[in-house]
Amino acid sequence: MTLSILKGKVLVKGKLENRNILIEDGKIIEVTEDTVSSNDKINAEGKIILPGLIDCHVHLREPGLTQKEDFKTGSMAAAAGGVTSVFEMPNTNPATTTLQLLQEKKELAKKSIVNYGLYMGATTDNIEEIKKAENIAGVKLYMGSSTGNLLVTDKEAIKNVFDSGKTVVVHAEDEELMNKNAEHYKDEKDPVIHAKIRSNEVEATAIKSAVLMVGNNKVHFTHTSTKESMEIIKEAKKNNSNISCDVTPHHLFLTYEELKTQRNFAKMNPALRNKEDVEALWKAIDEGIVDCIATDHAGHTKDEKEADYWEAPSGVPGLETMLPLLLDAVNKGRITLEKVTELTSINPAKIFGVKNKGKIEKGYDADLVIVDMNMEKEIKNEELFTKCGWSPFNGWKLKGWPVTTIVNGNIVFDDGEISEANGKEVEFKCQ
Ligand code: DOR
Ligand code: ZN
């Protein structure tokens with residue numbers, strides 16, 4: 001079976017150029033100005049084709065937390081958002097901390113309609129299991145507690161994880177400082193205290209301490225969110241080219257003020273920050289300090305979120321909204337399309353050693369998203385595919401939307417509709 005995408009534009013050395021794309025058996029076999037012939041055709045006139053997004057940080061909640069999300073619904077949200085590969089976090093129930101549990105999760109992940117990679121979760125004593133794990137996205141290290149029970153605070157154990165030879169993705173929040181702050185605010189209930197408990201200092205303290213321990217190992221700081229973090233990471237990168245980081249769309253587009261109106265629906269870890277931090281993240285994107293944008297897609301049910309501040313879990317969904325938010329930012333001149341592709345496809349593929357993905361080139365997997373930069377649409381809770389059924393961006397009117405998503409040469413999302421398909425396990429080069 002062959003499929004061609006005709007008359008669309010693709011980025012060639014930073015410029016949009018007319019190209020026809022020919023796909024066969026899930027691979028791109030031609031990207032050309034010439035005519036191509038195929039069984040099936042997509043007319044992409046007036047549209048742009050981007051490499052499908054690779055989201056290195058999602059929570060699809062299987063096993064054990066399927067009231068919030070599952071591989072099917074989460075991957076449908078991904079497809080609708082132009083995300084063709086997701087790397088799934090280990091803080092499920094049970095957490096993914098052994099080879100056996102990893103294998104079980106791999107079976108569950110087969111329901112995904114987009115491609116997937118899995119993380120192992122670090123504990124104080126599973127280093128031998130971690131070392132033996134094959135073809136994982138990396139190891140997730142929680143230096144501060146969040147949803148679930150994964151947490152490693154022992155310095156020796158942290159060092160061992162860094163030395164494991166795997167890419168270590170760090171949730172950097174200092175547990176001790178956070179607990180001290182929580183104690184201080186224990187009699188308050190307003191969700192705004194979230195930003196004070198999980199303060200800038202909490203994040204900076206953890207990143208600083210990790211940087212002192214990483215040596216020359218491969219460490220990726222995820223959902224970094226503050227001005228201070230950007231400064232520390234900028235310095236750290238000078239000594240270790242294996243350090244990288246990502247930021248989330250919610251930290252780029254929202255501030256802690258949202259906690260006043262959206263309450264626990266704007267509660268996530270790390271917390272939303274002030275305007276100055278948001279500006280610092282955008283500046284760090286321009287300067288190349290930020291390597292990736294990742295959603296930290298982490299839905300919780302409305303009921304769970306409506307609980308009291310101390311009871312309500314942290315996390316927001318993001319798979320369906322990341323690309324439209326970024327395309328809208330392109331339309332507003334805040335970021336270039338080339339940079340968006342670098343942050344959401346090229347760099348995640350590079351950093352995590354993903355085979356054959358992240359570019360629109362001959363021989364690469366046919367994971368693509370066709371976008372309409374002129375389409376204007378509002379984000380509506382009731383139209384989302386994520387099981388949780390809400391978004392902190394509900395009501396936002398955006399210009400620039402994904403219209404068709406292709407995974408392994410199969411159309412999985414088109415004009416608002418999802419098609420059944422099977423994603424594949426992502427292949428990683430070095431782990
Ligand atoms: O806000 C968050 N939600 N941060 C995390 O670290 C975990 C995530 C979740 O799993 O809910
Ligand atoms: Zn997360």
# chains A, B, ... in the order shown; residues from 1 in each chain; ligands from 1
>>> residues_near_ligand(ligand="ligand 1", cutoff="9 Å", atoms="only C-alpha atoms and all ligand atoms", output="JSON, numbers by chain")
{"A": [58, 59, 60, 61, 89, 90, 91, 92, 142, 144, 145, 146, 147, 148, 171, 223, 267, 268, 269, 270, 271, 296, 297, 298, 299, 300, 313, 314, 315, 316]}
>>> select_by_dssp(residues="range 162-210 of chain A", states="strand (DSSP E)", output="list in words")
Val168, Val169, Val170 and His171 of chain A
>>> select_by_dssp(residues="range 134-175 of chain A", states="helix (DSSP H, G or I)", output="PyMOL selection string")
chain A and resi 155-162+175
>>> write_last_selection(atoms="C-alpha atoms", output="PDB file, in the first residue's frame")
ATOM      1  CA  LYS A 155      22.257  10.662  47.553  1.00  0.00           C
ATOM      2  CA  GLU A 156      24.067   7.360  47.056  1.00  0.00           C
ATOM      3  CA  ALA A 157      21.020   5.841  45.349  1.00  0.00           C
ATOM      4  CA  ILE A 158      20.603   8.905  43.125  1.00  0.00           C
ATOM      5  CA  LYS A 159      24.248   8.698  42.103  1.00  0.00           C
ATOM      6  CA  ASN A 160      23.819   5.028  41.204  1.00  0.00           C
ATOM      7  CA  VAL A 161      20.881   5.846  38.969  1.00  0.00           C
ATOM      8  CA  PHE A 162      22.897   8.548  37.189  1.00  0.00           C
ATOM      9  CA  GLU A 175      11.632  16.899  49.130  1.00  0.00           C
TER      10      GLU A 175
END
>>> residues_around(residues="Leu3 in chain A", least_positions_apart="4", cutoff="12 Å", atoms="only C-alpha atoms", output="mmCIF file with C-alpha atoms, in the first residue's frame")
data_model
loop_
_atom_site.group_PDB
_atom_site.id
_atom_site.type_symbol
_atom_site.label_atom_id
_atom_site.label_comp_id
_atom_site.auth_asym_id
_atom_site.auth_seq_id
_atom_site.Cartn_x
_atom_site.Cartn_y
_atom_site.Cartn_z
ATOM 1 C CA ASN A 20 5.131 15.707 -2.363
ATOM 2 C CA ILE A 21 5.659 12.907 0.128
ATOM 3 C CA LEU A 22 5.409 9.257 -0.825
ATOM 4 C CA ILE A 23 4.867 6.655 1.880
ATOM 5 C CA GLU A 24 5.140 2.889 1.589
ATOM 6 C CA ASP A 25 4.872 0.272 4.352
ATOM 7 C CA GLY A 26 4.952 2.902 7.071
ATOM 8 C CA LYS A 27 8.119 4.603 5.790
ATOM 9 C CA ILE A 28 8.775 7.803 3.901
ATOM 10 C CA ILE A 29 10.245 6.721 0.606
ATOM 11 C CA GLU A 30 10.270 9.996 -1.280
ATOM 12 C CA VAL A 36 4.486 10.802 -7.348
ATOM 13 C CA SER A 37 1.877 8.104 -7.831
ATOM 14 C CA SER A 38 0.265 6.027 -5.118
ATOM 15 C CA ASN A 39 -2.842 4.045 -4.152
ATOM 16 C CA ASP A 40 -4.119 6.623 -1.661
ATOM 17 C CA LYS A 41 -3.698 10.365 -1.753
ATOM 18 C CA ILE A 42 -4.080 13.260 0.647
ATOM 19 C CA ASN A 43 -4.405 16.724 -0.800
ATOM 20 C CA ALA A 366 5.965 8.019 8.268
ATOM 21 C CA ILE A 406 -0.327 9.939 10.348
ATOM 22 C CA ASN A 408 3.474 4.549 10.670
ATOM 23 C CA GLY A 409 1.846 5.552 7.394
ATOM 24 C CA ASN A 410 -1.716 5.162 8.757
ATOM 25 C CA ILE A 411 -4.124 8.058 9.143
#
>>> residues_around(residues="Val12 in chain A", least_positions_apart="5", cutoff="12 Å", atoms="only C-alpha atoms", output="MDAnalysis selection string")
chainID A and resid 17:19 31:33 48:50 337:338 341 359:361
>>> write_last_selection(atoms="C-alpha atoms", output="compact mmCIF listing (two decimals), in the first residue's frame")
# COMPACT_ATOMS: atom_id res chain seq x y z
CA GLU A 17 8.95 24.55 0.24
CA ASN A 18 6.43 22.64 -1.87
CA ARG A 19 7.00 18.91 -1.62
CA VAL A 31 10.16 13.71 -0.48
CA THR A 32 10.17 15.39 -3.84
CA GLU A 33 9.17 18.36 -6.00
CA ILE A 48 2.10 22.40 6.15
CA ILE A 49 3.43 18.95 6.97
CA LEU A 50 5.54 18.61 10.10
CA LEU A 337 7.78 26.96 13.09
CA GLU A 338 11.31 25.65 12.65
CA THR A 341 9.80 21.31 15.13
CA LYS A 359 12.40 14.25 10.47
CA ILE A 360 10.63 14.24 7.12
CA GLU A 361 13.27 12.47 5.11
>>> closest_residue(among="A:Lys9, A:His57, A:Lys166, A:Lys302", to="ligand 2", atoms="only C-alpha atoms and all ligand atoms")
A:His57
